[in-house]
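K.L.:
To be precise about what I am sending: the file is called my_file07.txt and holds compact mmCIF, C-alpha atoms.
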```txt
# COMPACT_ATOMS: atom_id res chain seq x y z
CA MET A 56 0.00 0.00 0.00
CA HIS A 57 2.97 2.28 -0.61
CA ILE A 58 1.77 5.35 -2.51
CA PRO A 59 4.12 6.26 -5.38
CA ASP A 60 5.04 9.74 -6.63
CA GLY A 61 2.62 11.34 -9.08
CA LEU A 62 -0.52 9.56 -7.86
CA MET A 63 -1.96 12.09 -5.41
CA ASP A 64 -2.81 15.78 -5.76
CA PRO A 65 -0.04 18.03 -4.30
CA THR A 66 -2.49 19.52 -1.75
CA VAL A 67 -3.27 16.05 -0.42
CA LEU A 68 0.48 15.30 -0.26
CA VAL A 69 1.07 18.45 1.81
CA ILE A 70 -1.83 17.60 4.15
CA GLY A 71 -0.26 14.16 4.63
CA TRP A 72 3.07 15.67 5.70
CA LEU A 73 1.34 18.24 7.95
CA ILE A 74 -0.57 15.58 9.88
CA ALA A 75 2.09 12.86 9.96
CA LEU A 76 5.17 14.87 10.97
CA PRO A 77 3.92 16.25 14.32
CA VAL A 78 2.63 12.80 15.35
CA VAL A 79 5.90 11.11 14.38
CA ALA A 80 7.91 13.84 16.17
CA TYR A 81 5.81 13.40 19.32
CA ALA A 82 6.19 9.61 19.16
CA VAL A 83 9.99 9.93 18.81
CA TYR A 84 10.00 12.30 21.80
CA LYS A 85 7.88 9.93 23.92
CA VAL A 86 9.95 6.88 23.01
CA SER A 87 13.29 8.63 23.58
CA LYS A 88 12.10 9.82 27.01
CA THR A 89 10.70 6.51 28.20
CA ILE A 90 12.63 3.76 26.46
CA ASP A 91 14.94 1.48 28.39
CA GLU A 92 18.17 1.00 26.43
CA LYS A 93 17.81 -2.77 26.95
CA ALA A 94 14.61 -2.63 24.85
CA VAL A 95 16.35 -1.15 21.81
CA PRO A 96 17.79 -4.46 20.47
CA PHE A 97 14.30 -5.99 20.69
CA MET A 98 12.88 -2.97 18.84
CA ALA A 99 15.64 -3.28 16.21
CA VAL A 100 15.07 -6.98 15.55
CA LEU A 101 11.30 -6.46 15.41
CA ALA A 102 11.60 -3.53 12.97
CA ALA A 103 14.07 -5.40 10.75
CA GLY A 104 11.83 -8.47 10.84
CA ILE A 105 8.79 -6.41 9.80
CA PHE A 106 10.87 -4.88 6.99
CA ILE A 107 11.60 -8.24 5.40
CA ALA A 108 8.11 -9.58 6.16
CA GLN A 109 6.76 -6.71 4.05
CA MET A 110 8.73 -8.11 1.09
CA LEU A 111 6.78 -11.38 1.24
CA ASN A 112 3.52 -10.68 -0.57
CA PHE A 113 0.91 -13.42 -0.29
CA PRO A 114 -1.80 -14.09 -2.91
CA VAL A 115 -5.35 -13.08 -2.01
CA GLY A 116 -7.02 -14.11 -5.28
CA GLY A 117 -8.24 -12.08 -8.23
CA GLY A 118 -4.71 -11.40 -9.44
CA THR A 119 -3.64 -9.39 -6.44
CA THR A 120 -1.50 -9.84 -3.35
CA GLY A 121 -1.09 -8.40 0.10
CA HIS A 122 1.69 -8.16 2.61
CA LEU A 123 2.02 -7.66 6.33
CA ILE A 124 1.99 -4.01 7.39
CA GLY A 125 3.20 -4.93 10.85
CA ALA A 126 1.87 -1.89 12.74
CA THR A 127 -0.44 -4.02 14.90
CA LEU A 128 2.35 -6.43 15.79
CA ALA A 129 4.63 -3.52 16.70
CA CYS A 130 1.85 -1.85 18.69
CA ILE A 131 1.18 -5.00 20.71
CA LEU A 132 4.87 -5.53 21.44
CA LEU A 133 6.04 -1.94 21.91
CA GLY A 134 3.00 0.22 22.52
CA VAL A 135 1.50 2.77 20.17
CA TYR A 136 4.39 5.26 20.14
CA GLY A 137 6.96 2.49 19.70
CA SER A 138 4.91 1.26 16.76
CA VAL A 139 4.86 4.74 15.20
CA VAL A 140 8.67 4.95 15.48
CA VAL A 141 9.27 1.44 14.13
CA MET A 142 6.92 1.95 11.17
CA THR A 143 8.48 5.36 10.44
CA VAL A 144 12.00 3.91 10.29
CA ILE A 145 10.83 1.11 8.00
CA LEU A 146 8.92 3.42 5.64
CA VAL A 147 11.76 5.95 5.40
CA ILE A 148 14.29 3.21 4.58
CA GLN A 149 11.92 1.60 2.07
CA CYS A 150 11.49 4.97 0.35
CA LEU A 151 15.05 6.33 0.43
CA VAL A 152 17.05 3.11 0.04
CA PHE A 153 14.74 0.82 -1.96
CA GLY A 154 12.47 3.26 -3.81
CA ASP A 155 9.31 1.67 -2.37
CA GLY A 156 6.80 4.51 -2.08
CA GLY A 157 7.37 7.98 -3.48
CA LEU A 158 9.40 10.62 -1.67
CA THR A 159 6.67 13.24 -2.12
CA ALA A 160 4.12 10.66 -0.91
CA LEU A 161 6.17 9.70 2.15
CA GLY A 162 4.03 11.98 4.32
CA LEU A 163 0.88 10.12 3.26
CA ASN A 164 2.56 6.73 3.64
CA LEU A 165 3.66 7.72 7.15
CA LEU A 166 0.15 8.97 7.91
CA ASN A 167 -1.46 5.73 6.71
CA MET A 168 0.94 3.04 7.93
CA ALA A 169 2.85 4.73 10.78
CA VAL A 170 0.05 6.80 12.32
CA ILE A 171 -3.42 5.51 11.39
CA ALA A 172 -2.52 1.80 11.62
CA PRO A 173 -0.92 1.96 15.13
CA PHE A 174 -3.62 4.24 16.55
CA ALA A 175 -6.39 2.13 14.99
CA THR A 176 -4.78 -0.91 16.62
CA ALA A 177 -4.60 0.80 20.01
CA ALA A 178 -8.24 1.92 19.74
CA VAL A 179 -9.47 -1.57 18.80
CA LEU A 180 -7.43 -3.25 21.54
CA TRP A 181 -8.79 -0.74 24.05
CA ALA A 182 -12.35 -1.36 22.82
CA LEU A 183 -11.87 -5.14 23.01
CA LYS A 184 -10.37 -5.25 26.49
CA GLY A 185 -11.79 -8.25 28.24
CA ARG A 186 -12.18 -10.28 25.04
CA ARG A 187 -9.99 -13.26 24.28
CA GLN A 188 -6.42 -12.30 23.45
CA TYR A 189 -6.30 -13.84 19.99
CA THR A 190 -9.72 -12.49 19.00
CA ALA A 191 -8.57 -8.99 20.00
CA THR A 192 -5.28 -9.38 18.10
CA PHE A 193 -6.94 -10.65 14.92
CA THR A 194 -9.64 -7.96 14.99
CA ALA A 195 -7.11 -5.18 15.63
CA SER A 196 -4.90 -6.41 12.77
CA TRP A 197 -7.81 -6.60 10.35
CA MET A 198 -9.18 -3.20 11.37
CA ALA A 199 -5.74 -1.56 11.08
CA VAL A 200 -5.39 -2.76 7.47
CA PHE A 201 -9.00 -1.92 6.60
CA LEU A 202 -8.89 1.60 8.07
CA THR A 203 -5.48 2.29 6.53
CA ALA A 204 -6.81 1.23 3.12
CA THR A 205 -9.96 3.30 3.62
CA ALA A 206 -7.81 6.36 4.41
CA CYS A 207 -5.72 5.71 1.29
CA ALA A 208 -8.91 5.36 -0.79
CA MET A 209 -10.21 8.66 0.55
CA GLN A 210 -6.89 10.31 -0.33
CA LEU A 211 -7.27 8.96 -3.88
CA ALA A 212 -10.82 10.33 -4.01
CA PHE A 213 -9.85 13.77 -2.64
CA SER A 214 -6.97 13.93 -5.10
CA TYR A 215 -9.35 13.17 -7.96
CA ASP A 216 -11.86 15.82 -6.86
CA LEU A 217 -9.26 18.50 -6.10
CA SER A 218 -7.42 18.05 -9.37
CA GLY A 219 -10.49 17.59 -11.56
CA GLY A 220 -9.35 14.08 -12.47
CA ASP A 221 -5.65 14.76 -13.10
CA TYR A 222 -4.62 12.85 -9.96
CA GLY A 223 -6.10 10.07 -7.88
CA ILE A 224 -9.06 7.84 -8.69
CA GLU A 225 -12.75 8.70 -8.55
CA GLY A 226 -14.12 8.02 -5.07
CA ILE A 227 -17.04 5.92 -6.22
CA ILE A 228 -14.51 3.46 -7.70
CA ALA A 229 -11.50 3.88 -5.39
CA ILE A 230 -13.27 3.56 -2.03
CA PRO A 231 -15.20 0.30 -2.59
CA SER A 232 -12.29 -1.31 -4.52
CA MET A 233 -9.69 -0.49 -1.88
CA MET A 234 -12.02 -1.53 0.95
CA ALA A 235 -12.94 -4.81 -0.77
CA TRP A 236 -9.35 -5.87 -1.56
CA HIS A 237 -8.04 -4.89 1.85
CA ALA A 238 -10.90 -6.60 3.67
CA VAL A 239 -9.35 -9.78 2.26
CA ILE A 240 -5.70 -8.70 2.74
CA GLY A 241 -6.56 -7.82 6.37
CA ILE A 242 -7.39 -11.48 7.01
CA GLY A 243 -3.81 -12.37 6.05
CA GLU A 244 -2.49 -9.64 8.35
CA GLY A 245 -4.71 -10.98 11.13
CA ILE A 246 -3.56 -14.58 10.69
CA ILE A 247 0.16 -13.66 10.57
CA THR A 248 -0.02 -11.24 13.52
CA THR A 249 -2.10 -13.58 15.67
CA GLY A 250 0.27 -16.44 14.83
CA ILE A 251 3.33 -14.43 15.88
CA VAL A 252 1.61 -13.21 19.07
CA ALA A 253 0.57 -16.77 19.89
CA PHE A 254 4.15 -17.96 19.33
CA LEU A 255 5.59 -15.17 21.50
CA SER A 256 3.00 -15.88 24.20
CA LYS A 257 4.49 -19.35 24.45
CA VAL A 258 8.21 -18.65 24.11
CA SER A 259 8.55 -15.08 25.39
CA PRO A 260 5.39 -13.87 27.17
CA GLU A 261 7.25 -10.95 28.73
CA SER A 262 7.62 -9.42 25.25
CA LEU A 263 3.88 -8.68 25.03
CA LYS A 264 3.90 -5.14 26.32
CA MET A 265 0.37 -3.93 25.78
CA GLN A 266 -2.48 -5.37 27.78
CA ILE A 267 -4.28 -7.09 24.95
CA GLY A 268 -7.56 -8.84 25.40
CA ARG A 269 -8.11 -10.84 28.55
CA LYS A 270 -5.58 -10.35 31.30
CA HIS A 271 -3.00 -13.09 31.60
CA GLU A 272 -0.51 -13.84 34.31
CA ILE A 273 2.75 -15.72 34.07
CA ASP A 274 2.99 -18.70 36.39
CA SER A 275 6.18 -19.94 38.04
CA SER A 276 7.06 -22.14 35.05
CA GLY A 277 6.89 -19.12 32.72
CA LYS A 278 3.62 -20.24 31.15
CA GLU A 279 0.77 -17.85 30.51
CA VAL A 280 -2.34 -18.40 32.57
CA ALA A 281 -5.69 -16.73 31.82
CA THR A 282 -7.14 -14.90 34.81
CA MET B 244 23.65 -8.41 21.22
CA GLY B 245 22.52 -11.40 23.24
CA ARG B 246 22.31 -15.00 22.18
CA LYS B 247 18.50 -14.92 22.06
CA TYR B 248 18.56 -12.07 19.52
CA LEU B 249 21.07 -13.90 17.31
CA LYS B 250 18.76 -16.93 17.45
CA ALA B 251 15.77 -14.72 16.58
CA ILE B 252 17.66 -13.22 13.61
CA ALA B 253 18.61 -16.70 12.36
CA ILE B 254 14.95 -17.81 12.60
CA ILE B 255 13.78 -14.65 10.76
CA PHE B 256 16.30 -15.29 7.93
CA ILE B 257 15.22 -18.94 7.62
CA ILE B 258 11.52 -17.93 7.46
CA PHE B 259 12.41 -15.21 4.92
CA ALA B 260 14.37 -17.64 2.74
CA ILE B 261 11.46 -20.12 2.74
CA GLY B 262 8.82 -17.37 2.36
CA LEU B 263 10.61 -16.01 -0.71
CA VAL B 264 10.11 -19.36 -2.45
CA GLY B 265 6.36 -18.97 -1.91
CA PHE B 266 6.53 -15.33 -3.01
CA TYR B 267 8.19 -16.22 -6.32
CA ALA B 268 5.86 -19.19 -6.82
CA PHE B 269 2.55 -17.41 -6.19
CA SER B 270 2.83 -13.62 -5.81
CA ALA B 271 5.76 -12.06 -7.66
CA MET B 272 3.76 -11.52 -10.85
CA TYR B 273 0.94 -9.62 -9.12
CA GLY B 274 0.76 -6.19 -7.50
CA ASP B 275 -0.66 -5.39 -4.07
CA GLY B 276 -4.14 -4.01 -3.37
CA LEU B 277 -3.34 -0.38 -4.26
CA GLU B 278 -1.44 -1.40 -7.42
CA LYS B 279 -4.39 -3.59 -8.45
CA VAL B 280 -6.85 -0.70 -8.03
CA MET B 281 -4.51 1.60 -9.99
CA GLN B 282 -4.08 -1.00 -12.74
CA ASP B 283 -7.84 -1.67 -13.01
CA ASN B 284 -8.45 2.06 -13.46
CA GLY B 285 -5.64 2.66 -15.94
CA VAL B 286 -3.65 4.81 -13.50
CA SER B 287 0.11 4.47 -13.66
CA GLU B 288 2.85 5.57 -11.29
CA GLY B 289 4.40 8.99 -11.91
CA GLU B 290 8.11 9.60 -12.39
CA PRO B 291 9.87 9.11 -9.05
CA VAL B 292 11.43 12.33 -7.72
CA TRP B 293 14.10 10.34 -5.89
CA THR B 294 16.19 7.58 -7.43
CA ALA B 295 16.84 5.03 -4.72
CA PRO B 296 20.26 3.34 -4.74
CA LEU B 297 18.78 -0.18 -4.39
CA ASP B 298 15.64 -2.11 -5.23
CA TYR B 299 14.14 -5.35 -3.92
CA GLY B 300 15.87 -7.46 -6.58
CA ASP B 301 14.38 -9.46 -9.44
CA GLY B 302 15.15 -13.09 -8.79
CA TYR B 303 15.19 -15.23 -5.66
CA GLY B 304 18.88 -14.67 -4.92
CA GLY B 305 18.70 -10.91 -5.53
CA SER B 306 15.65 -10.49 -3.29
CA LEU B 307 17.25 -12.61 -0.58
CA VAL B 308 20.36 -10.43 -0.60
CA MET B 309 18.33 -7.19 -0.70
CA GLY B 310 16.15 -8.38 2.18
CA ILE B 311 19.22 -9.13 4.27
CA ILE B 312 20.76 -5.74 3.35
CA GLY B 313 17.48 -4.01 4.29
CA PHE B 314 17.37 -5.96 7.54
CA PHE B 315 20.80 -4.69 8.54
CA VAL B 316 20.08 -1.11 7.38
CA VAL B 317 17.05 -1.07 9.72
CA MET B 318 19.18 -2.58 12.51
CA LEU B 319 21.82 0.11 11.92
CA VAL B 320 19.28 2.89 12.46
CA PHE B 321 18.36 1.33 15.80
CA VAL B 322 22.03 1.01 16.76
CA GLY B 323 22.14 4.80 16.28
CA LEU B 324 19.06 5.11 18.49
CA TYR B 325 20.68 2.84 21.08
CA LEU B 326 23.84 4.96 21.19
CA LEU B 327 21.72 8.10 21.48
CA VAL B 328 19.67 6.70 24.38
CA ARG B 329 22.81 5.44 26.13
CA SER B 330 24.65 8.75 25.81
CA ARG B 331 21.59 10.64 27.06
CA LYS B 332 21.25 8.34 30.08
CA ARG B 333 24.97 8.69 30.89
CA ALA B 334 24.67 12.46 30.64
CA ASP B 335 21.67 12.33 33.01
CA HIS B 336 23.63 10.20 35.51
CA SER B 337 26.68 12.46 35.43
CA ARG B 338 24.58 15.52 36.35
```
Show me the file's structure as structure tokens.
P.N.:
Amino acid sequence: MHIPDGLMDPTVLVIGWLIALPVVAYAVYKVSKTIDEKAVPFMAVLAAGIFIAQMLNFPVGGGTTGHLIGATLACILLGVYGSVVVMTVILVIQCLVFGDGGLTALGLNLLNMAVIAPFATAAVLWALKGRRQYTATFTASWMAVFLTATACAMQLAFSYDLSGGDYGIEGIIAIPSMMAWHAVIGIGEGIITTGIVAFLSKVSPESLKMQIGRKHEIDSSGKEVAT
Amino acid sequence: MGRKYLKAIAIIFIIFAIGLVGFYAFSAMYGDGLEKVMQDNGVSEGEPVWTAPLDYGDGYGGSLVMGIIGFFVVMLVFVGLYLLVRSRKRADHSR
């Protein structure tokens, strides 16, 4: 879902930068103030892992593919501001080093995948507190992808309207198409994220930072016990 | 970096190497959701304003190498963050 150069109207690109930059700056400030230096290697391995996971597109049918965004996974493991920072680093490297996503569209890509996706995750996890852990994780993953795609579709529609059709795609086409494809892609995100969270719950339960779903405690053998 | 992180990196690389086989078997010829919507509506990408030094590679070997390079570039950024956090904490302690 990396927006390339030349797709969106310049006004929409500027709005993307204006919204994304303050949020990213605040997240960097929060993380730098609160992070324990021992957590940085974990953050590094997670970010690098999400980077290469994003290279592995999976087929969703109809001649299209999807890939993990990873914002929900990062949000569960590091909290919402940690997720914003991790996603920002990944998106900037993808853009500047690998040419994935346009430089002018980086503000919108940050807004969609480094701001909307983590905050959507946090909101869904908060709303689903008390539900089963894996249900909450899957739902948050799916919603993060769906809302991110909806935001991208609206940016396409605004671009089309603002430019009189020179940029973007007409809303009546872009919004349902993007929502339909990403409703399916979100299932893949949900399965992968829930699988990783389930794995970490078994081998490294202390790595699950956010209180997701039903509260769990760690017993003396290191196993997770529902309370 | 501790032993558990080295183990985690090794596991990530193994999963990546296996996952790339699936990618080239089933997905490499298709775009993602946004690219599909663009393609269906006859919208093409504009000229990039920045020419990136690398890309994701074309074949299995190239993508594997680029993934590993990307992995370490991301790690390098966090090493910078680690040094920054450490120097800030030391400065706080020395006050």
K.L.:
Could the residues of chain A within 8 Å of chain B, counting all atoms listed in the file, be given as a ChimeraX atom specification, please?
P.N.:
/A:56-62,87,90,92,95-100,102-104,106-108,110-114,118-122,144-145,148,150-155,157-159,224,229,232-233,236-237,240
K.L.:
Give me the residues within 10 Å of A:Leu263 as a compact mmCIF listing (two decimals) with C-alpha atoms, in the frame of the given file, counting all atoms listed in the file and dropping any in the same chain fewer than 4 places off.
P.N.:
```txt
# COMPACT_ATOMS: atom_id res chain seq x y z
CA LEU A 128 2.35 -6.43 15.79
CA ALA A 129 4.63 -3.52 16.70
CA CYS A 130 1.85 -1.85 18.69
CA ILE A 131 1.18 -5.00 20.71
CA LEU A 132 4.87 -5.53 21.44
CA LEU A 133 6.04 -1.94 21.91
CA GLY A 134 3.00 0.22 22.52
CA VAL A 252 1.61 -13.21 19.07
CA LEU A 255 5.59 -15.17 21.50
CA SER A 256 3.00 -15.88 24.20
CA SER A 259 8.55 -15.08 25.39
CA ILE A 267 -4.28 -7.09 24.95
```
K.L.:
Rounded to one decimal, what separation in Å do you get between atom CA of A:Ala82 and atom CA of A:Gly156?
P.N.:
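Separation of atom CA of A:Ala82 and atom CA of A:Gly156: 21.9 Å.
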K.L.:
As an exercise, work out the distance from atom CA of A:Gly223 to atom CA of A:Ala235 in Å and give it to one decimal place.
P.N.:
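Computed distance, atom CA of A:Gly223 to atom CA of A:Ala235, equals 17.9 Å.
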K.L.:
Between atom CA of A:Thr248 and atom CA of A:Val179, what is the spacing in Å?
P.N.:
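Separating atom CA of A:Val179 from atom CA of A:Thr248 is a distance of 14.5 Å.
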